[in-house]
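Dropping run-v2.cif in here (mmCIF, C-alpha atoms and all ligand atoms):
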```cif
data_query
loop_
_atom_site.label_atom_id
_atom_site.label_comp_id
_atom_site.auth_asym_id
_atom_site.auth_seq_id
_atom_site.Cartn_x
_atom_site.Cartn_y
_atom_site.Cartn_z
CA MET A 1 -15.73 -39.04 -22.00
CA SER A 2 -15.64 -42.58 -20.64
CA ASP A 3 -16.78 -43.12 -17.09
CA MET A 4 -13.24 -44.06 -16.07
CA SER A 5 -11.66 -40.87 -17.42
CA TYR A 6 -12.69 -38.86 -14.40
CA SER A 7 -12.12 -39.61 -10.77
CA LYS A 8 -14.20 -37.36 -8.62
CA GLU A 9 -14.97 -36.98 -5.01
CA LEU A 10 -18.40 -37.15 -3.44
CA LYS A 11 -19.02 -36.36 0.19
CA LEU A 12 -21.96 -37.84 2.05
CA VAL A 13 -22.47 -35.51 4.97
CA GLY A 14 -24.47 -36.03 8.15
CA VAL A 15 -25.88 -32.67 9.25
CA GLY A 16 -27.15 -33.65 12.70
CA PRO A 17 -30.71 -33.88 14.01
CA GLY A 18 -31.91 -30.32 13.46
CA ASP A 19 -30.03 -27.67 15.41
CA PRO A 20 -27.44 -26.12 13.03
CA SER A 21 -25.07 -25.68 15.98
CA LEU A 22 -24.80 -29.49 16.02
CA LEU A 23 -23.19 -29.49 12.58
CA THR A 24 -19.59 -30.66 12.83
CA ILE A 25 -16.70 -28.55 11.57
CA ALA A 26 -16.03 -31.28 8.99
CA ALA A 27 -19.63 -31.05 7.76
CA LEU A 28 -19.43 -27.28 7.48
CA ARG A 29 -16.14 -27.44 5.58
CA ALA A 30 -17.58 -29.99 3.16
CA ILE A 31 -20.67 -27.82 2.58
CA GLN A 32 -18.57 -24.70 2.02
CA SER A 33 -16.36 -26.43 -0.53
CA ALA A 34 -19.24 -27.80 -2.65
CA ASN A 35 -20.83 -26.22 -5.67
CA ILE A 36 -23.74 -28.70 -5.68
CA LEU A 37 -25.69 -29.45 -2.53
CA ALA A 38 -27.77 -32.57 -3.11
CA TYR A 39 -30.34 -33.74 -0.59
CA PRO A 40 -33.18 -36.28 -0.34
CA VAL A 41 -36.87 -35.45 -0.76
CA HIS A 42 -39.65 -38.02 -0.44
CA LYS A 43 -41.68 -36.43 -3.25
CA GLU A 44 -41.20 -33.72 -5.85
CA GLY A 45 -41.24 -30.28 -4.23
CA ALA A 46 -41.33 -31.68 -0.68
CA GLU A 47 -39.45 -30.00 2.15
CA SER A 48 -36.13 -31.42 3.20
CA MET A 49 -34.99 -31.42 6.79
CA ALA A 50 -31.36 -31.81 5.72
CA ILE A 51 -31.32 -28.68 3.55
CA ASN A 52 -33.26 -26.66 6.14
CA ILE A 53 -30.62 -27.47 8.75
CA VAL A 54 -27.83 -25.98 6.63
CA SER A 55 -29.87 -23.12 5.08
CA ASP A 56 -27.86 -20.40 6.87
CA PHE A 57 -24.66 -21.67 5.28
CA ILE A 58 -25.78 -21.89 1.63
CA ARG A 59 -24.23 -19.39 -0.75
CA LYS A 60 -25.91 -17.94 -3.85
CA ASP A 61 -23.33 -19.55 -6.14
CA GLN A 62 -24.17 -23.04 -4.88
CA ASN A 63 -26.76 -25.10 -6.72
CA LEU A 64 -29.34 -27.22 -4.97
CA LEU A 65 -30.15 -30.68 -6.25
CA PRO A 66 -33.16 -32.41 -4.66
CA LEU A 67 -33.02 -36.18 -5.22
CA LEU A 68 -36.15 -38.25 -5.02
CA PHE A 69 -36.17 -41.04 -2.42
CA PRO A 70 -39.85 -42.06 -2.18
CA MET A 71 -41.16 -43.47 1.09
CA VAL A 72 -42.65 -46.64 -0.38
CA THR A 73 -42.10 -50.37 0.10
CA SER A 74 -42.10 -51.49 -3.56
CA PRO A 75 -38.58 -52.86 -4.26
CA GLU A 76 -38.83 -51.91 -7.95
CA VAL A 77 -39.77 -48.30 -7.20
CA LEU A 78 -37.05 -48.01 -4.55
CA LYS A 79 -34.31 -49.53 -6.68
CA ASP A 80 -35.29 -47.35 -9.59
CA ALA A 81 -35.16 -44.22 -7.40
CA TRP A 82 -31.74 -45.15 -5.93
CA LYS A 83 -30.38 -45.74 -9.43
CA LYS A 84 -31.76 -42.44 -10.73
CA ALA A 85 -30.27 -40.56 -7.77
CA GLY A 86 -26.92 -42.30 -8.34
CA ASP A 87 -27.02 -41.36 -12.04
CA GLN A 88 -27.79 -37.73 -11.22
CA ILE A 89 -24.83 -37.55 -8.84
CA ASN A 90 -22.58 -39.25 -11.37
CA ASP A 91 -23.64 -36.77 -14.08
CA CYS A 92 -22.71 -33.84 -11.83
CA LEU A 93 -19.32 -35.37 -11.07
CA LYS A 94 -18.69 -35.88 -14.79
CA LYS A 95 -19.17 -32.12 -15.22
CA GLU A 96 -16.39 -31.56 -12.70
CA GLN A 97 -18.80 -30.35 -10.04
CA ARG A 98 -18.03 -30.71 -6.36
CA VAL A 99 -20.99 -32.53 -4.89
CA VAL A 100 -22.06 -32.95 -1.31
CA PHE A 101 -25.06 -35.10 -0.40
CA LEU A 102 -26.67 -33.89 2.81
CA THR A 103 -28.39 -36.26 5.12
CA GLN A 104 -30.18 -35.61 8.38
CA GLY A 105 -28.58 -36.94 11.58
CA ASP A 106 -25.73 -39.35 10.98
CA VAL A 107 -24.78 -40.56 7.54
CA SER A 108 -24.77 -44.27 8.43
CA PHE A 109 -27.63 -44.43 10.91
CA PHE A 110 -30.88 -45.44 9.14
CA SER A 111 -29.80 -43.07 6.44
CA THR A 112 -30.76 -42.43 2.81
CA SER A 113 -27.04 -41.92 2.21
CA SER A 114 -26.43 -45.62 2.66
CA TYR A 115 -28.47 -46.49 -0.44
CA LEU A 116 -26.58 -43.94 -2.46
CA LEU A 117 -23.28 -45.20 -1.09
CA LEU A 118 -24.01 -48.83 -1.94
CA ASP A 119 -25.40 -48.04 -5.39
CA LEU A 120 -22.49 -45.78 -6.36
CA LYS A 121 -19.86 -48.15 -4.95
CA THR A 122 -21.23 -50.90 -7.17
CA ARG A 123 -21.91 -49.02 -10.39
CA PHE A 124 -19.25 -46.30 -10.30
CA PRO A 125 -16.39 -47.75 -8.24
CA HIS A 126 -13.95 -45.06 -9.41
CA ILE A 127 -15.84 -42.34 -7.51
CA ASP A 128 -13.98 -41.43 -4.36
CA ILE A 129 -16.75 -41.38 -1.74
CA ARG A 130 -16.07 -39.82 1.66
CA LEU A 131 -18.47 -39.99 4.59
CA VAL A 132 -18.73 -37.24 7.18
CA PRO A 133 -20.45 -38.55 10.31
CA GLY A 134 -23.12 -36.49 12.05
CA ILE A 135 -24.77 -36.41 15.46
CA THR A 136 -27.67 -38.84 15.57
CA SER A 137 -31.16 -37.93 16.77
CA LEU A 138 -30.67 -40.52 19.50
CA SER A 139 -27.48 -38.94 20.90
CA ALA A 140 -29.09 -35.51 20.74
CA ALA A 141 -32.24 -36.77 22.50
CA ALA A 142 -30.15 -38.32 25.30
CA ALA A 143 -28.18 -35.09 25.71
CA ILE A 144 -31.26 -32.87 25.82
CA GLY A 145 -33.07 -35.29 28.14
CA LYS A 146 -29.95 -35.44 30.40
CA LEU A 147 -30.14 -39.19 30.11
CA PRO A 148 -27.29 -41.72 30.23
CA LEU A 149 -28.05 -43.96 27.26
CA ILE A 150 -26.06 -47.06 28.25
CA LEU A 151 -23.72 -47.89 31.08
CA GLN A 152 -21.34 -50.65 32.11
CA LYS A 153 -22.48 -54.03 30.77
CA GLU A 154 -25.78 -52.85 29.36
CA GLN A 155 -26.78 -53.31 25.75
CA LEU A 156 -28.50 -50.83 23.47
CA LEU A 157 -30.96 -51.98 20.84
CA VAL A 158 -31.88 -49.35 18.27
CA MET A 159 -34.71 -50.33 15.97
CA PRO A 160 -37.77 -48.99 14.19
CA THR A 161 -40.85 -49.22 16.41
CA PRO A 162 -42.38 -52.68 15.89
CA SER A 163 -45.64 -52.68 13.98
CA THR A 164 -47.72 -54.57 16.56
CA PRO A 165 -48.15 -54.44 20.35
CA LEU A 166 -47.35 -58.16 20.57
CA GLU A 167 -44.04 -57.71 18.78
CA LEU A 168 -43.11 -54.81 21.04
CA GLU A 169 -44.10 -56.72 24.18
CA GLU A 170 -41.85 -59.64 23.17
CA THR A 171 -38.98 -57.25 22.40
CA LEU A 172 -39.42 -55.61 25.81
CA LEU A 173 -39.40 -58.96 27.62
CA GLU A 174 -36.17 -59.98 25.95
CA ALA A 175 -34.69 -56.52 26.60
CA ALA A 176 -35.48 -56.86 30.32
CA ARG A 177 -33.73 -60.26 30.43
CA GLN A 178 -30.63 -58.90 28.68
CA LYS A 179 -30.48 -55.57 30.55
CA ARG A 180 -30.94 -53.93 27.21
CA VAL A 181 -32.00 -50.32 26.71
CA LEU A 182 -34.39 -49.96 23.78
CA ALA A 183 -34.41 -47.02 21.39
CA LEU A 184 -37.45 -47.02 19.13
CA LEU A 185 -37.28 -44.83 16.03
CA LYS A 186 -40.10 -44.10 13.57
CA LEU A 187 -42.52 -43.86 16.46
CA GLY A 188 -45.04 -41.42 14.92
CA SER A 189 -48.59 -42.73 14.90
CA ARG A 190 -47.58 -45.92 16.76
CA TRP A 191 -47.44 -43.85 19.94
CA LEU A 192 -51.25 -44.24 19.98
CA TRP A 193 -50.85 -47.87 21.10
CA VAL A 194 -47.28 -47.81 22.44
CA LYS A 195 -48.20 -45.53 25.34
CA PRO A 196 -51.07 -47.72 26.67
CA LEU A 197 -48.83 -50.79 26.34
CA LEU A 198 -46.01 -49.17 28.35
CA GLU A 199 -48.56 -48.06 30.91
CA LYS A 200 -49.84 -51.62 31.25
CA LEU A 201 -46.27 -52.91 31.70
CA ASN A 202 -45.43 -50.13 34.14
CA LEU A 203 -42.62 -48.86 31.92
CA LEU A 204 -43.71 -45.31 31.26
CA GLU A 205 -41.69 -43.84 34.07
CA GLY A 206 -38.38 -45.15 32.70
CA SER A 207 -39.08 -44.00 29.18
CA ILE A 208 -38.07 -40.79 27.48
CA PHE A 209 -40.02 -39.43 24.54
CA ALA A 210 -38.24 -37.13 22.06
CA GLN A 211 -39.85 -35.27 19.19
CA ARG A 212 -38.24 -32.94 16.61
CA VAL A 213 -35.03 -32.85 18.62
CA GLY A 214 -32.95 -29.80 17.84
CA TRP A 215 -35.85 -27.82 16.38
CA PRO A 216 -37.42 -24.80 18.09
CA ASP A 217 -40.55 -26.86 18.86
CA GLN A 218 -38.64 -29.87 20.23
CA GLU A 219 -40.17 -31.94 23.03
CA VAL A 220 -37.96 -34.22 25.12
CA MET A 221 -39.65 -35.42 28.28
CA PRO A 222 -40.69 -38.41 30.38
CA ALA A 223 -43.05 -40.49 28.27
CA ASN A 224 -45.85 -40.33 30.85
CA ALA A 225 -46.16 -36.58 30.17
CA ILE A 226 -47.02 -37.12 26.49
CA PRO A 227 -50.67 -37.83 25.58
CA ALA A 228 -51.32 -40.95 23.51
CA ASN A 229 -52.08 -39.15 20.27
CA LEU A 230 -50.58 -38.90 16.79
CA ARG A 231 -46.94 -37.88 16.83
CA PRO A 232 -44.73 -36.71 13.96
CA TYR A 233 -42.44 -39.03 12.01
CA PHE A 234 -39.50 -37.30 13.72
CA SER A 235 -40.13 -38.80 17.12
CA LEU A 236 -38.42 -41.55 19.09
CA LEU A 237 -38.55 -43.29 22.43
CA VAL A 238 -35.87 -44.58 24.81
CA ILE A 239 -37.05 -47.30 27.19
CA ARG A 240 -34.92 -48.25 30.18
CA GLN A 241 -36.27 -51.07 32.36
CA SER A 242 -33.51 -51.21 34.98
CA TRP A 243 -30.25 -49.62 36.11
CA PRO A 244 -26.91 -51.29 36.85
CA ASP A 245 -26.45 -52.38 40.49
CA ILE A 246 -23.62 -49.99 41.28
CA MET A 247 -24.69 -46.46 40.66
CA PRO A 248 -24.00 -43.04 42.23
C1 LIG B 301 -34.78 -42.59 8.72
S1 LIG B 301 -34.39 -42.32 10.40
C2 LIG B 301 -33.09 -41.18 10.25
C3 LIG B 301 -32.17 -41.19 11.43
C4 LIG B 301 -31.06 -40.16 11.29
N1 LIG B 301 -30.16 -40.52 10.21
C5 LIG B 301 -30.28 -39.99 12.59
O1 LIG B 301 -29.04 -40.12 12.56
O2 LIG B 301 -30.89 -39.70 13.61
C6 LIG B 301 -35.74 -41.34 10.87
C7 LIG B 301 -36.12 -41.55 12.31
O3 LIG B 301 -35.12 -41.01 13.15
C8 LIG B 301 -35.70 -40.35 14.26
N2 LIG B 301 -35.36 -38.93 14.18
C9 LIG B 301 -34.60 -38.34 13.25
N3 LIG B 301 -34.47 -37.03 13.53
C10 LIG B 301 -35.14 -36.79 14.66
C11 LIG B 301 -35.35 -35.63 15.45
N4 LIG B 301 -34.81 -34.46 15.12
N5 LIG B 301 -36.08 -35.77 16.57
C12 LIG B 301 -36.61 -36.97 16.93
N6 LIG B 301 -36.45 -38.08 16.20
C13 LIG B 301 -35.72 -38.01 15.09
C14 LIG B 301 -37.20 -40.58 14.16
O4 LIG B 301 -37.53 -41.72 14.93
C15 LIG B 301 -37.39 -40.82 12.69
O5 LIG B 301 -38.55 -41.60 12.45
#
```
Starting from the coordinates I provided, produce the structure as structure tokens.
Amino acid sequence: MSDMSYSKELKLVGVGPGDPSLLTIAALRAIQSANILAYPVHKEGAESMAINIVSDFIRKDQNLLPLLFPMVTSPEVLKDAWKKAGDQINDCLKKEQRVVFLTQGDVSFFSTSSYLLLDLKTRFPHIDIRLVPGITSLSAAAAIGKLPLILQKEQLLVMPTPSTPLELEETLLEAARQKRVLALLKLGSRWLWVKPLLEKLNLLEGSIFAQRVGWPDQEVMPANAIPANLRPYFSLLVIRQSWPDIMP
């Protein structure tokens, strides 16, 4: 069969930050209609947050397909892994299987799905790819922390936590000038030095720390309540340095 003789549909589905009740109806429908549930793992046999989130909704007749997306920086290794994952999905579609790729949080927000999307769009343009958006960890953290994320003319900058204190200090200075709220993802072990820096700059009080949002052990609280120790990969920080002039 030539690649062009089949035209199949693939759904890339955001499953939210952790709490299964934050799955959308569209996500649930996509999951129920699939016979292959693919999901990313960072190494063979590793746990997957995405599959854990939907575990209550998996049927016995559905097959699971872990796809390897290693957490490395080597471009060759990454490109090779994206290509292999794309090939595996394409092989399933060739066999007339209905495939859903599950991704934690939202499907377009610092997401593994994006690599799959771009690879498949280029190499297998006849595949009909649909994206099902999910609730991001950031939206969920704001909701649990009862925190308005941005208001009026404010800006929101979402970025991975910078790798050095100097870089973060410069980012904070610019954010203050622009009335920009900062959301720092991939906080993890950087919290060891981020906390003392925020303390020095007197910014701890306006910052919200969120860890494993949507999981039974979630912590969402003012940053000054969190000791400066190692934190899990699934942690983030929202730093607000000011409020708009007109407020309730
Ligand atoms: C590769 S990004 C994935 C973001 C995800 N697609 C989303 O929509 O939230 C991983 C980073 O998102 C944040 N993150 C994802 N899930 C989280 C959760 N449940 N609680 C706290 N932070 C989370 C962490 O900062 C983590 O390092």
Requested in this report: Dump the neighbourhood of ligand LIG 301 (chain B) as a count of residues only: all residues within 7 Å, distances computed on all atoms listed in the file.
Outcome: 32
**Report entry** Nearest-residue call for Ile127 of chain A, choices A:Lys153, A:Arg231, A:Lys94, A:Arg190, using all atoms listed in the file
**Finding:**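 The answer is A:Lys94, which sits nearest to Ile127 of chain A.
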Report task. Write out as an MDAnalysis selection string each polymer residue whose atoms come within 8 Å of segment 55-61 of chain A, counting only C-alpha atoms; drop sequence neighbours fewer than 3 positions from it. Result -> chainID A and resid 28 31:32 35 51:52
Report task. Find the residues around Asp245 of chain A up to 12 Å (only C-alpha atoms counted), leave out those fewer than 3 positions away in its own chain, and share them as a list in words. Result ->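 Listed by chain and then number, they are Leu151, Gln152, Lys153, Glu154, Lys179, Ser242 and Pro248 of chain A.
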Query - Residues near Leu131 of chain A, cut-off 9 Å, all atoms listed in the file, skip fewer than 2 positions along chain, as a count of residues only - result: 9
Query raised in the report: So how far away is atom CA of Ala46 of chain A from atom CA of Pro75 of chain A, in Å?
Result: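 Rounded to one decimal, the two atoms are 21.7 Å apart.
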Requested in this report: Could you check how far atom CA of Ala26 of chain A sits from atom CA of Arg130 of chain A, in Å to one decimal?
Outcome: 11.3 Å
Report task. Select, from A:Ile246, A:Ile53, A:Leu120, A:Lys146, the residue with the minimum atom-to-atom distance to Leu93 of chain A, counting only C-alpha atoms. Result ->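 Nearest candidate to Leu93 of chain A out of A:Ile246, A:Ile53, A:Leu120, A:Lys146: A:Leu120.
When all atoms listed in the file are used to measure the gap to Val41 of chain A, the shortest distance among A:Thr73, A:Gln218, A:Gln88, A:Thr112 belongs to A:Thr112.
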Report task. Kindly give the distance, in Å, that separates atom CA of Leu147 of chain A and atom CA of Leu173 of chain A, rounded to a single decimal. Result ->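 Answer for the atom CA of Leu147 of chain A to atom CA of Leu173 of chain A separation: 22.0 Å.
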Report task. Give me the residues within 9 Å of Phe124 of chain A as a list in words, counting only C-alpha atoms and dropping any in the same chain fewer than 2 places off. Result -> Asp3, Met4, Gly86, Asn90, Asp119, Leu120, Lys121, Thr122, His126 and Ile127 of chain A
Query raised in the report: Looking at only C-alpha atoms, which of A:Leu149, A:Leu198, A:Val77, A:Val99 is the one that sits closest to Ala34 of chain A?
Result: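 Smallest separation from Ala34 of chain A among the options: A:Val99.
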Query raised in the report: For Ala85 of chain A, which residue among A:Ile226, A:Leu67, A:Val72, A:Leu102 is the nearest when counting only C-alpha atoms?
Result: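 Closest to Ala85 of chain A of all the choices is A:Leu67.
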Query raised in the report: Which residue gives the smallest distance to Met159 of chain A among A:Ala223, A:Leu118, A:Ile239, A:Leu201, with only C-alpha atoms counted?
Result: A:Ile239
Requested in this report: Find the residues around His42 of chain A up to 9 Å (only C-alpha atoms counted), leave out those fewer than 6 positions away in its own chain, and share them as number ranges by chain.
Outcome: A: 48, 67-71
Include C-alpha atoms and write out the residues we just selected as a PDB file, in the frame of the given file.
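Contents of the output file part23.pdb:
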```pdb
ATOM      1  CA  SER A  48     -36.130 -31.420   3.200  1.00  0.00           C
ATOM      2  CA  LEU A  67     -33.020 -36.180  -5.220  1.00  0.00           C
ATOM      3  CA  LEU A  68     -36.150 -38.250  -5.020  1.00  0.00           C
ATOM      4  CA  PHE A  69     -36.170 -41.040  -2.420  1.00  0.00           C
ATOM      5  CA  PRO A  70     -39.850 -42.060  -2.180  1.00  0.00           C
ATOM      6  CA  MET A  71     -41.160 -43.470   1.090  1.00  0.00           C
TER       7      MET A  71
END
```
